[in-house]
file input_32.pdb (PDB, C-alpha atoms)
ATOM      1  CA  MET R  16     -67.055 -37.397  -2.560
ATOM      2  CA  GLU R  17     -66.327 -34.617  -0.164
ATOM      3  CA  ALA R  18     -65.214 -31.309  -1.588
ATOM      4  CA  ALA R  19     -61.589 -30.448  -0.982
ATOM      5  CA  LEU R  20     -61.068 -28.030   1.843
ATOM      6  CA  THR R  21     -59.610 -24.729   0.726
ATOM      7  CA  PRO R  22     -58.531 -21.826   2.910
ATOM      8  CA  PRO R  23     -60.872 -18.847   2.816
ATOM      9  CA  LEU R  24     -59.791 -16.176   0.368
ATOM     10  CA  LEU R  25     -59.557 -12.581   1.478
ATOM     11  CA  SER R  26     -61.222 -10.185  -0.887
ATOM     12  CA  PRO R  27     -59.998  -6.580  -1.100
ATOM     13  CA  ARG R  28     -63.020  -5.626   0.980
ATOM     14  CA  THR R  29     -62.225  -8.064   3.752
ATOM     15  CA  PHE R  30     -58.437  -7.600   3.710
ATOM     16  CA  LYS R  31     -58.351  -4.155   5.328
ATOM     17  CA  PRO R  32     -60.470  -5.096   8.329
ATOM     18  CA  TYR R  33     -58.488  -8.315   8.646
ATOM     19  CA  ALA R  34     -55.170  -6.471   8.596
ATOM     20  CA  LYS R  35     -56.379  -3.830  11.024
ATOM     21  CA  LYS R  36     -57.721  -6.456  13.354
ATOM     22  CA  ASN R  37     -54.407  -8.316  13.433
ATOM     23  CA  MET R  38     -52.291  -5.176  13.619
ATOM     24  CA  LYS R  39     -54.165  -4.211  16.751
ATOM     25  CA  GLN R  40     -52.791  -7.360  18.351
ATOM     26  CA  LEU R  41     -49.314  -5.804  18.289
ATOM     27  CA  SER R  42     -48.696  -3.325  21.041
ATOM     28  CA  PRO R  43     -47.088   0.018  19.987
ATOM     29  CA  PRO R  44     -43.798  -0.717  21.835
ATOM     30  CA  LEU R  45     -43.496  -4.057  20.080
ATOM     31  CA  THR R  46     -44.221  -2.492  16.695
ATOM     32  CA  GLN R  47     -41.541   0.133  17.283
ATOM     33  CA  LEU R  48     -39.096  -2.589  18.331
ATOM     34  CA  ILE R  49     -39.696  -4.538  15.125
ATOM     35  CA  ILE R  50     -39.281  -1.460  12.920
ATOM     36  CA  SER R  51     -36.044  -0.489  14.705
ATOM     37  CA  PHE R  52     -34.717  -4.017  14.391
ATOM     38  CA  LEU R  53     -35.436  -4.172  10.668
ATOM     39  CA  ALA R  54     -33.727  -0.810  10.096
ATOM     40  CA  ILE R  55     -30.605  -1.896  11.977
ATOM     41  CA  SER R  56     -30.567  -5.278  10.236
ATOM     42  CA  ALA R  57     -30.538  -3.542   6.865
ATOM     43  CA  LEU R  58     -27.159  -2.048   7.718
ATOM     44  CA  PHE R  59     -25.675  -5.516   8.204
ATOM     45  CA  LEU R  60     -27.231  -6.910   5.059
ATOM     46  CA  ILE R  61     -25.858  -4.314   2.640
ATOM     47  CA  PRO R  62     -23.783  -6.144  -0.013
ATOM     48  CA  SER R  63     -20.034  -5.976   0.623
ATOM     49  CA  THR R  64     -19.432  -4.732  -2.932
ATOM     50  CA  PHE R  65     -20.249  -1.236  -1.693
ATOM     51  CA  ALA R  66     -17.167  -1.255   0.530
ATOM     52  CA  GLN R  67     -13.555  -0.839  -0.548
ATOM     53  CA  THR R  68     -11.777  -4.079   0.276
ATOM     54  CA  CYS R  69      -8.078  -3.756   1.052
ATOM     55  CA  ARG R  70      -5.740  -6.741   1.190
ATOM     56  CA  THR R  71      -3.099  -7.476   3.810
ATOM     57  CA  ALA R  72      -0.609  -8.849   1.269
ATOM     58  CA  CYS R  73       0.460  -8.337  -2.337
ATOM     59  CA  GLY R  74       1.698 -11.683  -3.580
ATOM     60  CA  LYS R  75       4.274 -12.789  -0.998
ATOM     61  CA  GLN R  76       4.833  -9.250   0.296
ATOM     62  CA  PRO R  77       2.918  -8.502   3.550
ATOM     63  CA  LEU R  78       1.231  -5.093   3.431
ATOM     64  CA  ARG R  79       1.100  -2.841   6.456
ATOM     65  CA  TYR R  80       0.552   0.870   6.922
ATOM     66  CA  PRO R  81       1.481   3.130   5.168
ATOM     67  CA  PHE R  82       1.358   0.817   2.119
ATOM     68  CA  GLY R  83      -1.853  -0.473   0.586
ATOM     69  CA  SER R  84      -3.101  -2.771  -2.138
ATOM     70  CA  GLY R  85      -5.050  -0.177  -4.112
ATOM     71  CA  PRO R  86      -7.125   3.046  -4.032
ATOM     72  CA  GLY R  87      -8.439   3.810  -0.562
ATOM     73  CA  CYS R  88      -5.835   1.561   1.094
ATOM     74  CA  GLY R  89      -2.822   2.480   3.205
ATOM     75  CA  ASP R  90      -1.908   6.162   3.514
ATOM     76  CA  PRO R  91      -3.137   8.545   0.782
ATOM     77  CA  ARG R  92       0.361  10.083   0.477
ATOM     78  CA  PHE R  93       1.798   6.677  -0.390
ATOM     79  CA  GLN R  94      -1.105   5.246  -2.383
ATOM     80  CA  SER R  95      -0.358   7.367  -5.443
ATOM     81  CA  ARG R  96       3.280   6.148  -5.384
ATOM     82  CA  THR R  97       2.902   2.454  -4.618
ATOM     83  CA  ALA R  98       0.362  -0.056  -5.894
ATOM     84  CA  CYS R  99      -0.150  -3.783  -6.060
ATOM     85  CA  ASP R 100       0.123  -5.099  -9.613
ATOM     86  CA  ALA R 101      -2.717  -7.645  -9.678
ATOM     87  CA  ALA R 102      -1.356  -9.434 -12.745
ATOM     88  CA  GLN R 103       2.224  -9.792 -11.468
ATOM     89  CA  GLN R 104       1.230 -10.007  -7.796
ATOM     90  CA  GLU R 105       3.975  -7.595  -6.802
ATOM     91  CA  LEU R 106       4.147  -4.182  -5.207
ATOM     92  CA  THR R 107       5.584  -1.447  -7.406
ATOM     93  CA  LEU R 108       6.870   2.063  -6.777
ATOM     94  CA  THR R 109       6.157   4.574  -9.533
ATOM     95  CA  THR R 110       8.047   7.832 -10.104
ATOM     96  CA  HIS R 111       8.390  10.130 -13.105
ATOM     97  CA  THR R 112      11.244   7.937 -14.376
ATOM     98  CA  GLY R 113       9.381   4.627 -14.341
ATOM     99  CA  SER R 114       7.905   1.810 -12.246
ATOM    100  CA  TYR R 115      10.102  -0.284  -9.990
ATOM    101  CA  PRO R 116       9.327  -3.605  -8.254
ATOM    102  CA  VAL R 117       9.499  -3.499  -4.456
ATOM    103  CA  THR R 118      11.694  -6.438  -3.450
ATOM    104  CA  ALA R 119      11.345  -6.074   0.321
ATOM    105  CA  ILE R 120      10.035  -3.828   3.083
ATOM    106  CA  ASP R 121      11.709  -3.478   6.474
ATOM    107  CA  TYR R 122       8.817  -2.138   8.539
ATOM    108  CA  ALA R 123      10.885  -1.890  11.728
ATOM    109  CA  ALA R 124      13.543   0.269  10.058
ATOM    110  CA  GLN R 125      11.016   2.022   7.768
ATOM    111  CA  VAL R 126      12.945   1.183   4.611
ATOM    112  CA  ILE R 127      11.745  -0.219   1.298
ATOM    113  CA  TYR R 128      14.024  -1.874  -1.244
ATOM    114  CA  ILE R 129      13.363  -1.593  -4.956
ATOM    115  CA  SER R 130      15.058  -2.888  -8.089
ATOM    116  CA  ASP R 131      15.525  -1.195 -11.449
ATOM    117  CA  PRO R 132      15.220  -3.731 -14.302
ATOM    118  CA  THR R 133      17.336  -1.463 -16.532
ATOM    119  CA  MET R 134      20.363  -0.981 -14.292
ATOM    120  CA  SER R 135      23.580  -2.966 -14.583
ATOM    121  CA  THR R 136      24.808  -5.476 -12.010
ATOM    122  CA  CYS R 137      27.739  -7.850 -11.830
ATOM    123  CA  ALA R 138      25.565 -10.403 -13.655
ATOM    124  CA  CYS R 139      24.255  -8.119 -16.415
ATOM    125  CA  SER R 140      25.340  -4.934 -18.148
ATOM    126  CA  GLN R 141      22.893  -2.879 -20.200
ATOM    127  CA  GLU R 142      21.898   0.652 -21.090
ATOM    128  CA  SER R 143      19.952   2.185 -18.236
ATOM    129  CA  CYS R 144      17.101   4.660 -18.085
ATOM    130  CA  GLY R 145      18.294   6.336 -14.910
ATOM    131  CA  PHE R 146      16.369   6.849 -11.700
ATOM    132  CA  GLY R 147      14.631   9.715  -9.987
ATOM    133  CA  LEU R 148      12.302  10.494  -7.087
ATOM    134  CA  ASP R 149       9.402  12.916  -7.370
ATOM    135  CA  TRP R 150      10.179  16.003  -5.319
ATOM    136  CA  ASP R 151       6.967  15.639  -3.297
ATOM    137  CA  ALA R 152       7.284  11.883  -2.722
ATOM    138  CA  PRO R 153       7.344  10.718   0.936
ATOM    139  CA  PHE R 154      10.684   8.960   0.350
ATOM    140  CA  SER R 155      14.372   9.792   0.514
ATOM    141  CA  ILE R 156      17.470   7.878  -0.563
ATOM    142  CA  HIS R 157      18.848   5.711   2.241
ATOM    143  CA  GLU R 158      22.414   6.611   3.150
ATOM    144  CA  ASN R 159      23.578   3.035   2.507
ATOM    145  CA  THR R 160      22.657   3.208  -1.169
ATOM    146  CA  VAL R 161      25.664   3.621  -3.471
ATOM    147  CA  PHE R 162      25.059   4.838  -7.036
ATOM    148  CA  THR R 163      27.841   4.066  -9.501
ATOM    149  CA  LEU R 164      27.802   5.604 -12.977
ATOM    150  CA  LEU R 165      29.222   3.437 -15.742
ATOM    151  CA  ASP R 166      30.575   4.098 -19.209
ATOM    152  CA  CYS R 167      30.635   7.901 -18.843
ATOM    153  CA  SER R 168      32.183  10.154 -21.475
ATOM    154  CA  THR R 169      35.342  11.679 -20.070
ATOM    155  CA  SER R 170      35.207  14.457 -22.692
ATOM    156  CA  THR R 171      31.565  15.596 -22.465
ATOM    157  CA  SER R 172      30.324  14.558 -19.042
ATOM    158  CA  PRO R 173      30.010  17.335 -16.426
ATOM    159  CA  LEU R 174      31.432  14.782 -13.975
ATOM    160  CA  TYR R 175      34.875  15.527 -15.378
ATOM    161  CA  SER R 176      34.635  19.285 -15.837
ATOM    162  CA  PRO R 177      37.484  21.308 -14.236
ATOM    163  CA  ALA R 178      36.885  22.923 -10.894
ATOM    164  CA  ALA R 179      35.393  26.391 -11.086
ATOM    165  CA  PRO R 180      37.850  29.320 -10.968
ATOM    166  CA  GLY R 181      38.631  30.357  -7.428
ATOM    167  CA  ASN R 182      37.547  26.991  -6.043
ATOM    168  CA  ALA R 183      40.170  25.783  -3.564
ATOM    169  CA  SER R 184      39.347  22.160  -4.364
ATOM    170  CA  SER R 185      41.940  20.495  -6.544
ATOM    171  CA  SER R 186      39.598  17.691  -7.525
ATOM    172  CA  SER R 187      38.678  17.499 -11.205
ATOM    173  CA  SER R 188      35.653  15.273 -10.377
ATOM    174  CA  PRO R 189      33.626  17.117  -7.724
ATOM    175  CA  LEU R 190      30.568  14.906  -8.280
ATOM    176  CA  CYS R 191      32.492  11.669  -7.830
ATOM    177  CA  ASP R 192      33.742  10.170  -4.578
ATOM    178  CA  ALA R 193      37.507   9.784  -4.802
ATOM    179  CA  LYS R 194      37.381   6.967  -2.262
ATOM    180  CA  GLY R 195      35.011   5.041  -4.537
ATOM    181  CA  THR R 196      37.786   3.938  -6.894
ATOM    182  CA  SER R 197      37.882   0.473  -5.343
ATOM    183  CA  ILE R 198      34.152   0.040  -5.967
ATOM    184  CA  CYS R 199      34.675   0.920  -9.621
ATOM    185  CA  SER R 200      37.567  -1.546  -9.817
ATOM    186  CA  PHE R 201      35.481  -4.391  -8.427
ATOM    187  CA  LEU R 202      32.520  -3.611 -10.691
ATOM    188  CA  TYR R 203      34.677  -3.395 -13.801
ATOM    189  CA  SER R 204      36.145  -6.765 -12.901
ATOM    190  CA  CYS R 205      32.712  -8.355 -13.370
ATOM    191  CA  HIS R 206      32.578 -10.255 -16.650
ATOM    192  CA  ALA R 207      29.276  -8.632 -17.733
ATOM    193  CA  ILE R 208      30.502  -5.068 -17.100
ATOM    194  CA  SER R 209      33.952  -5.735 -18.518
ATOM    195  CA  MET R 210      32.199  -6.467 -21.817
ATOM    196  CA  MET R 211      31.655  -2.712 -22.112
ATOM    197  CA  ASN R 212      35.376  -2.590 -22.843
ATOM    198  CA  GLN R 213      35.795   0.785 -21.127
ATOM    199  CA  PRO R 214      38.622   2.028 -18.876
ATOM    200  CA  ILE R 215      37.978   2.418 -15.171
ATOM    201  CA  SER R 216      38.202   6.204 -15.605
ATOM    202  CA  THR R 217      34.697   6.092 -17.134
ATOM    203  CA  CYS R 218      33.294   4.971 -13.762
ATOM    204  CA  CYS R 219      32.084   7.362 -11.055
ATOM    205  CA  VAL R 220      30.681   6.733  -7.580
ATOM    206  CA  TYR R 221      28.079   9.500  -7.504
ATOM    207  CA  THR R 222      28.146  11.602  -4.333
ATOM    208  CA  PRO R 223      25.247  14.153  -4.283
ATOM    209  CA  VAL R 224      22.879  13.486  -1.376
ATOM    210  CA  ASP R 225      19.446  12.314  -2.611
ATOM    211  CA  LEU R 226      20.856  12.568  -6.157
ATOM    212  CA  GLY R 227      21.100  16.349  -5.916
ATOM    213  CA  PRO R 228      18.427  19.081  -5.891
ATOM    214  CA  ALA R 229      16.574  17.493  -8.804
ATOM    215  CA  TYR R 230      16.321  14.117  -6.972
ATOM    216  CA  GLU R 231      17.290  12.475 -10.232
ATOM    217  CA  LEU R 232      20.051  10.465 -11.839
ATOM    218  CA  ASP R 233      19.799  11.842 -15.380
ATOM    219  CA  LEU R 234      22.167   9.698 -17.398
ATOM    220  CA  GLY R 235      21.627  11.757 -20.537
ATOM    221  CA  LYS R 236      22.833  14.962 -18.917
ATOM    222  CA  LEU R 237      25.663  13.112 -17.209
ATOM    223  CA  SER R 238      26.726  11.474 -20.506
ATOM    224  CA  CYS R 239      26.744   7.976 -19.022
ATOM    225  CA  SER R 240      25.196   4.938 -20.659
ATOM    226  CA  SER R 241      24.442   2.928 -17.531
ATOM    227  CA  TYR R 242      24.511   2.844 -13.751
ATOM    228  CA  SER R 243      24.558   0.350 -10.921
ATOM    229  CA  ALA R 244      23.220   0.676  -7.393
ATOM    230  CA  PHE R 245      23.583  -1.445  -4.279
ATOM    231  CA  TYR R 246      22.725  -0.979  -0.612
ATOM    232  CA  SER R 247      24.916  -3.601   1.071
ATOM    233  CA  PHE R 248      28.210  -5.400   0.566
ATOM    234  CA  ASP R 249      26.651  -8.334   2.414
ATOM    235  CA  GLY R 250      29.980  -8.816   4.180
ATOM    236  CA  GLN R 251      31.758  -9.435   0.860
ATOM    237  CA  GLU R 252      33.396  -6.115  -0.036
ATOM    238  CA  VAL R 253      35.750  -7.693  -2.562
ATOM    239  CA  ASP R 254      33.138  -9.895  -4.254
ATOM    240  CA  PRO R 255      30.678  -7.793  -6.306
ATOM    241  CA  ASP R 256      28.716 -10.933  -7.160
ATOM    242  CA  ARG R 257      27.515 -11.012  -3.540
ATOM    243  CA  TRP R 258      26.511  -7.369  -3.206
ATOM    244  CA  LYS R 259      22.846  -6.508  -2.626
ATOM    245  CA  TYR R 260      21.870  -4.681  -5.789
ATOM    246  CA  GLY R 261      18.945  -2.289  -5.705
ATOM    247  CA  ILE R 262      17.918   1.010  -4.157
ATOM    248  CA  ALA R 263      17.014   1.498  -0.486
ATOM    249  CA  LEU R 264      14.504   4.252   0.320
ATOM    250  CA  LYS R 265      13.545   5.658   3.714
ATOM    251  CA  TYR R 266      10.019   6.771   4.585
ATOM    252  CA  LYS R 267       8.235   8.501   7.480
ATOM    253  CA  PHE R 268       4.649   8.061   8.702
ATOM    254  CA  ASN R 269       4.108  11.781   9.263
ATOM    255  CA  VAL R 270       5.918  14.871  10.439
ATOM    256  CA  TYR R 271       6.291  13.324  13.925
ATOM    257  CA  ASN R 272       6.929   9.846  12.484
ATOM    258  CA  GLU R 273       4.240   8.382  14.749
ATOM    259  CA  TYR R 274       2.447   5.145  13.889
ATOM    260  CA  PRO R 275      -1.334   5.834  14.084
ATOM    261  CA  SER R 276      -2.797   3.998  17.091
ATOM    262  CA  SER R 277      -6.100   3.411  15.278
ATOM    263  CA  CYS R 278      -4.214   1.683  12.478
ATOM    264  CA  ALA R 279      -2.277  -0.493  14.904
ATOM    265  CA  GLN R 280      -5.545  -1.711  16.453
ATOM    266  CA  CYS R 281      -6.985  -2.384  13.006
ATOM    267  CA  GLU R 282      -3.986  -4.485  11.949
ATOM    268  CA  ARG R 283      -4.024  -6.451  15.214
ATOM    269  CA  SER R 284      -7.578  -7.504  14.378
ATOM    270  CA  GLY R 285      -6.533  -8.790  10.955
ATOM    271  CA  GLY R 286      -7.655  -5.697   9.061
ATOM    272  CA  ALA R 287      -5.926  -3.384   6.611
ATOM    273  CA  CYS R 288      -5.738   0.367   7.160
ATOM    274  CA  GLY R 289      -7.376   2.588   4.579
ATOM    275  CA  TYR R 290      -9.191   5.869   4.099
ATOM    276  CA  GLY R 291     -12.224   7.320   2.376
ATOM    277  CA  GLY R 292     -14.504  10.303   1.997
ATOM    278  CA  ALA R 293     -13.786  13.915   1.203
ATOM    279  CA  TYR R 294     -11.417  14.257   4.174
ATOM    280  CA  ASP R 295      -9.624  10.887   3.820
ATOM    281  CA  THR R 296     -11.223   9.605   7.023
ATOM    282  CA  PHE R 297      -9.621   6.528   8.590
ATOM    283  CA  VAL R 298     -11.189   3.209   7.579
ATOM    284  CA  CYS R 299     -10.356  -0.301   8.780
ATOM    285  CA  SER R 300     -10.926  -2.716   5.905
ATOM    286  CA  CYS R 301     -11.757  -6.292   6.901
ATOM    287  CA  PRO R 302     -10.746  -8.774   4.156
ATOM    288  CA  GLU R 303     -12.678 -11.714   5.648
ATOM    289  CA  SER R 304     -16.058  -9.982   5.638
ATOM    290  CA  GLY R 305     -15.356  -7.603   2.778
ATOM    291  CA  LEU R 306     -16.736  -4.746   4.884
ATOM    292  CA  ASN R 307     -15.189  -1.716   6.556
ATOM    293  CA  THR R 308     -15.344  -0.173  10.021
ATOM    294  CA  THR R 309     -13.994   2.919  11.729
ATOM    295  CA  SER R 310     -12.286   0.918  14.476
ATOM    296  CA  ASP R 311     -11.230  -2.708  13.884
ATOM    297  CA  CYS R 312     -12.439  -6.045  12.546
ATOM    298  CA  PHE R 313     -13.621  -7.364  15.904
ATOM    299  CA  PHE R 314     -16.572  -5.015  16.101
ATOM    300  CA  GLY R 315     -17.536  -1.526  14.977
ATOM    301  CA  PRO R 316     -19.130   1.053  17.305
ATOM    302  CA  SER R 317     -20.193   3.210  14.368
ATOM    303  CA  TRP R 318     -20.245   3.054  10.622
ATOM    304  CA  SER R 319     -17.784   4.965   8.532
ATOM    305  CA  GLN R 320     -18.513   8.542   7.518
ATOM    306  CA  SER R 321     -17.228   7.690   4.060
ATOM    307  CA  PRO R 322     -19.797   6.896   1.361
ATOM    308  CA  GLY R 323     -20.021   3.152   0.877
ATOM    309  CA  HIS R 324     -18.120   2.330   4.074
ATOM    310  CA  ILE R 325     -20.182   0.418   6.591
ATOM    311  CA  LEU R 326     -19.954  -1.671   9.708
ATOM    312  CA  ALA R 327     -18.296  -5.031   9.494
ATOM    313  CA  PRO R 328     -20.394  -7.410  11.641
ATOM    314  CA  HIS R 329     -18.707  -9.241  14.467
ATOM    315  CA  LYS R 330     -17.936 -12.891  13.924
ATOM    316  CA  GLY R 331     -21.193 -14.765  14.446
ATOM    317  CA  THR R 332     -23.423 -11.776  13.700
ATOM    318  CA  GLY R 333     -25.284 -13.757  11.033
ATOM    319  CA  ALA R 334     -26.292 -16.405  13.570
ATOM    320  CA  LEU R 335     -27.264 -13.698  16.056
ATOM    321  CA  LEU R 336     -29.509 -11.973  13.520
ATOM    322  CA  HIS R 337     -31.145 -15.280  12.637
ATOM    323  CA  SER R 338     -31.868 -15.978  16.298
ATOM    324  CA  VAL R 339     -33.366 -12.551  16.937
ATOM    325  CA  VAL R 340     -35.541 -12.799  13.819
ATOM    326  CA  SER R 341     -36.845 -16.179  14.992
ATOM    327  CA  ILE R 342     -37.668 -14.852  18.461
ATOM    328  CA  LEU R 343     -39.461 -11.794  17.061
ATOM    329  CA  SER R 344     -41.460 -14.002  14.723
ATOM    330  CA  LEU R 345     -42.651 -16.118  17.643
ATOM    331  CA  VAL R 346     -43.552 -13.023  19.624
ATOM    332  CA  MET R 347     -45.592 -11.640  16.713
ATOM    333  CA  ILE R 348     -47.444 -14.932  16.250
ATOM    334  CA  ARG R 349     -48.249 -15.426  19.919
ATOM    335  CA  ALA R 350     -49.048 -11.827  20.667
ATOM    336  CA  PRO R 351     -52.632 -11.497  22.093
TER     337      PRO R 351
END
call {"tool": "encode", "arguments": {"input": "input_32.pdb", "output": "C-alpha cells"}}
result
Amino acid sequence: MEAALTPPLLSPRTFKPYAKKNMKQLSPPLTQLIISFLAISALFLIPSTFAQTCRTACGKQPLRYPFGSGPGCGDPRFQSRTACDAAQQELTLTTHTGSYPVTAIDYAAQVIYISDPTMSTCACSQESCGFGLDWDAPFSIHENTVFTLLDCSTSTSPLYSPAAPGNASSSSSPLCDAKGTSICSFLYSCHAISMMNQPISTCCVYTPVDLGPAYELDLGKLSCSSYSAFYSFDGQEVDPDRWKYGIALKYKFNVYNEYPSSCAQCERSGGACGYGGAYDTFVCSCPESGLNTTSDCFFGPSWSQSPGHILAPHKGTGALLHSVVSILSLVMIRAP
C-alpha cells in the first residue's frame, strides 16, 4: 500500500530562506503598491460604530438642518435645545420651563410649531405651568402667536395694577391688549373653559413682545392659573374649536441667515448634516452606510478631521475592493 502523499513541512530553519526566496519574486514597486492598498483598504473597513450616525427623520417628522436627531447632528446651537425622543419617536424642544413636542416644522418659512401639554384649549381647561424661552436660545416668538391668560386674579395680578403716576395712558391694563376682548369672549364660550366659572374680566390677551425681557410667561407672578396660545384662526375667527393651538417660533441659520452650501449638498445626497471635533467641524452623516464624510454621501474626497469620523465609501465600493484584491492576488501568484 502506497504511503499517503503529504506536503513537505517547513521547519523554522527552512522557513526563512523560503520566505526570502519568494519575497524576492515581488518587485519593490509591486510591494509598495500592495502595502499602500492595504493601508487605504483599512480606512474603508473600519466598523461604522466609530462614526456618529444621524437620522433624516424623527418618527414622521423629516429632519433637516439646523435640526438633528441627537448629539453631533444638526447645528450645535440647536442640538442642545431640540432632540429626538427615541421612545416616543417625536422631536422635542426643551427650555428652562419644560419640554414641548414639536408638532410641525415649516422649513421654507423657518418656523417650528410646538404644543404645551399643560395649556388650556377650547377642548380642555387645566392649570398650566407657563412657558418661557432661554435668553440665549436661537428662537423668538412668531408674531402670529397669541398668548391669552386665563383665570387671573383681578385683585393681585400686576396685569390690573393702575397706571403709574404721570403716565398719560388711561388704560388700567397696560399688559393686556384692549382689542383682544373678542378673543377672550370666544375662549370663555368654550364649554371646557367656561367650567372655570370665571368672569371674562379674568382673561387677558398678553401683549409684551417675546413675552417681555425675561422671555417668560410666569403665571405665578401674573397670578393666573392657566393660559392658552394659538398661532392661527384657520379662517374661523368666531369658532375657537377650529383655531390652531400651540406656539409658533422663528429661527435663523446664522447672523446672515444663510443656508450652508455644504449642508445642502449633503442633504441632496441623502445625508444628514452634523458636526464633530473640538471646533464643531462640518460632517455629513450617511444613514445607509452608517459612516460620515466631509462632503456628501456620494463620495468623500477626504476623511473627517473629527475623531471617529471617516469616509463613507461610494455605492459599490465593497465590490470594487473585492475586485482589486482578487487582481492583486493573481499578480502576486504569477509574479516571476
call {"tool": "resolve_selection", "arguments": {"input": "input_32.pdb", "expression": "the PyMOL selection byres ((chain R and resi 135-145) around 8)", "output": "short mmCIF file (atom, residue, chain, number, x, y, z; two decimals) with C-alpha atoms, in the coordinates of the input"}}
result
data_model
loop_
_atom_site.label_atom_id
_atom_site.label_comp_id
_atom_site.auth_asym_id
_atom_site.auth_seq_id
_atom_site.Cartn_x
_atom_site.Cartn_y
_atom_site.Cartn_z
CA THR R 112 11.24 7.94 -14.38
CA THR R 133 17.34 -1.46 -16.53
CA MET R 134 20.36 -0.98 -14.29
CA PHE R 146 16.37 6.85 -11.70
CA GLY R 147 14.63 9.72 -9.99
CA LEU R 202 32.52 -3.61 -10.69
CA CYS R 205 32.71 -8.36 -13.37
CA HIS R 206 32.58 -10.26 -16.65
CA ALA R 207 29.28 -8.63 -17.73
CA ILE R 208 30.50 -5.07 -17.10
CA MET R 210 32.20 -6.47 -21.82
CA MET R 211 31.66 -2.71 -22.11
CA GLU R 231 17.29 12.48 -10.23
CA LEU R 232 20.05 10.46 -11.84
CA ASP R 233 19.80 11.84 -15.38
CA LEU R 234 22.17 9.70 -17.40
CA SER R 240 25.20 4.94 -20.66
CA SER R 241 24.44 2.93 -17.53
CA TYR R 242 24.51 2.84 -13.75
CA SER R 243 24.56 0.35 -10.92
CA ALA R 244 23.22 0.68 -7.39
CA PRO R 255 30.68 -7.79 -6.31
CA ASP R 256 28.72 -10.93 -7.16
CA TYR R 260 21.87 -4.68 -5.79
#
call {"tool": "atom_distance", "arguments": {"input": "input_32.pdb", "atom1": "atom CA of R:Ala123", "atom2": "atom CA of R:Arg79"}}
result
11.2 Å
call {"tool": "closest_residue", "arguments": {"input": "input_32.pdb", "among": "R:Ala98, R:Cys69, R:Cys219, R:Leu106", "to": "R:Ser304", "atoms": "all atoms listed in the file"}}
result
R:Cys69
call {"tool": "residues_around", "arguments": {"input": "input_32.pdb", "residues": "R:Ser172", "least_positions_apart": "4", "cutoff": "9 Å", "atoms": "all atoms listed in the file", "output": "PDB file with C-alpha atoms, in the coordinates of the input"}}
result
ATOM      1  CA  CYS R 167      30.635   7.901 -18.843  1.00  0.00           C
ATOM      2  CA  SER R 168      32.183  10.154 -21.475  1.00  0.00           C
ATOM      3  CA  SER R 176      34.635  19.285 -15.837  1.00  0.00           C
ATOM      4  CA  LYS R 236      22.833  14.962 -18.917  1.00  0.00           C
ATOM      5  CA  LEU R 237      25.663  13.112 -17.209  1.00  0.00           C
ATOM      6  CA  SER R 238      26.726  11.474 -20.506  1.00  0.00           C
ATOM      7  CA  CYS R 239      26.744   7.976 -19.022  1.00  0.00           C
TER       8      CYS R 239
END
call {"tool": "residues_around", "arguments": {"input": "input_32.pdb", "residues": "R:Thr169", "least_positions_apart": "3", "cutoff": "8 Å", "atoms": "all atoms listed in the file", "output": "JSON, numbers by chain"}}
result
{"R": [172, 174, 175, 216, 217]}
call {"tool": "write_last_selection", "arguments": {"input": "input_32.pdb", "atoms": "C-alpha atoms", "output": "PDB file, in the frame of the given file"}}
result
ATOM      1  CA  SER R 172      30.324  14.558 -19.042  1.00  0.00           C
ATOM      2  CA  LEU R 174      31.432  14.782 -13.975  1.00  0.00           C
ATOM      3  CA  TYR R 175      34.875  15.527 -15.378  1.00  0.00           C
ATOM      4  CA  SER R 216      38.202   6.204 -15.605  1.00  0.00           C
ATOM      5  CA  THR R 217      34.697   6.092 -17.134  1.00  0.00           C
TER       6      THR R 217
END
call {"tool": "resolve_selection", "arguments": {"input": "input_32.pdb", "expression": "the PyMOL selection byres ((chain R and resi 264) around 6)", "output": "PDB file with C-alpha atoms, in the frame of the given file"}}
result
ATOM      1  CA  VAL R 126      12.945   1.183   4.611  1.00  0.00           C
ATOM      2  CA  ILE R 127      11.745  -0.219   1.298  1.00  0.00           C
ATOM      3  CA  SER R 155      14.372   9.792   0.514  1.00  0.00           C
ATOM      4  CA  ILE R 156      17.470   7.878  -0.563  1.00  0.00           C
ATOM      5  CA  HIS R 157      18.848   5.711   2.241  1.00  0.00           C
ATOM      6  CA  ALA R 263      17.014   1.498  -0.486  1.00  0.00           C
ATOM      7  CA  LYS R 265      13.545   5.658   3.714  1.00  0.00           C
TER       8      LYS R 265
END
call {"tool": "atom_distance", "arguments": {"input": "input_32.pdb", "atom1": "atom CA of R:Ala72", "atom2": "atom CA of R:Phe245"}}
result
25.9 Å
call {"tool": "residues_near_point", "arguments": {"input": "input_32.pdb", "point": "(5.9, 9.1, -9.7)", "cutoff": "12 Å", "atoms": "all atoms listed in the file", "output": "PyMOL selection string"}}
result
chain R and resi 92-98+107-115+146-154+230-231
call {"tool": "residues_around", "arguments": {"input": "input_32.pdb", "residues": "R:Thr68", "least_positions_apart": "6", "cutoff": "10 Å", "atoms": "all atoms listed in the file", "output": "ChimeraX atom specification"}}
result
/R:84-88,286-287,289,299-307,324
call {"tool": "closest_residue", "arguments": {"input": "input_32.pdb", "among": "R:Gly292, R:Gly195, R:Pro81, R:Gly74", "to": "R:Tyr266", "atoms": "all atoms listed in the file"}}
result
R:Pro81
call {"tool": "atom_distance", "arguments": {"input": "input_32.pdb", "atom1": "atom CA of R:Pro223", "atom2": "atom CA of R:Tyr271"}}
result
26.3 Å
call {"tool": "closest_residue", "arguments": {"input": "input_32.pdb", "among": "R:Gly235, R:Thr163, R:Leu190, R:Val253", "to": "R:Ile215", "atoms": "all atoms listed in the file"}}
result
R:Thr163
call {"tool": "closest_residue", "arguments": {"input": "input_32.pdb", "among": "R:Ser277, R:Asp254, R:Gly285, R:Ser247", "to": "R:Val298", "atoms": "only C-alpha atoms"}}
result
R:Ser277
call {"tool": "closest_residue", "arguments": {"input": "input_32.pdb", "among": "R:Asp295, R:Glu273, R:Asp249, R:Asp311", "to": "R:Asn159", "atoms": "all atoms listed in the file"}}
result
R:Asp249
call {"tool": "residues_around", "arguments": {"input": "input_32.pdb", "residues": "R:Ala119", "least_positions_apart": "6", "cutoff": "8 Å", "atoms": "only C-alpha atoms", "output": "ChimeraX atom specification"}}
result
/R:76,127-129
call {"tool": "axis_aligned_box", "arguments": {"input": "input_32.pdb", "around": "stretch 259-266 of chain R", "padding_each_side": "4 Å", "output": "JSON"}}
result
{"center_x": 16.4, "center_y": 0.1, "center_z": -0.6, "size_x": 20.8, "size_y": 21.3, "size_z": 18.4}
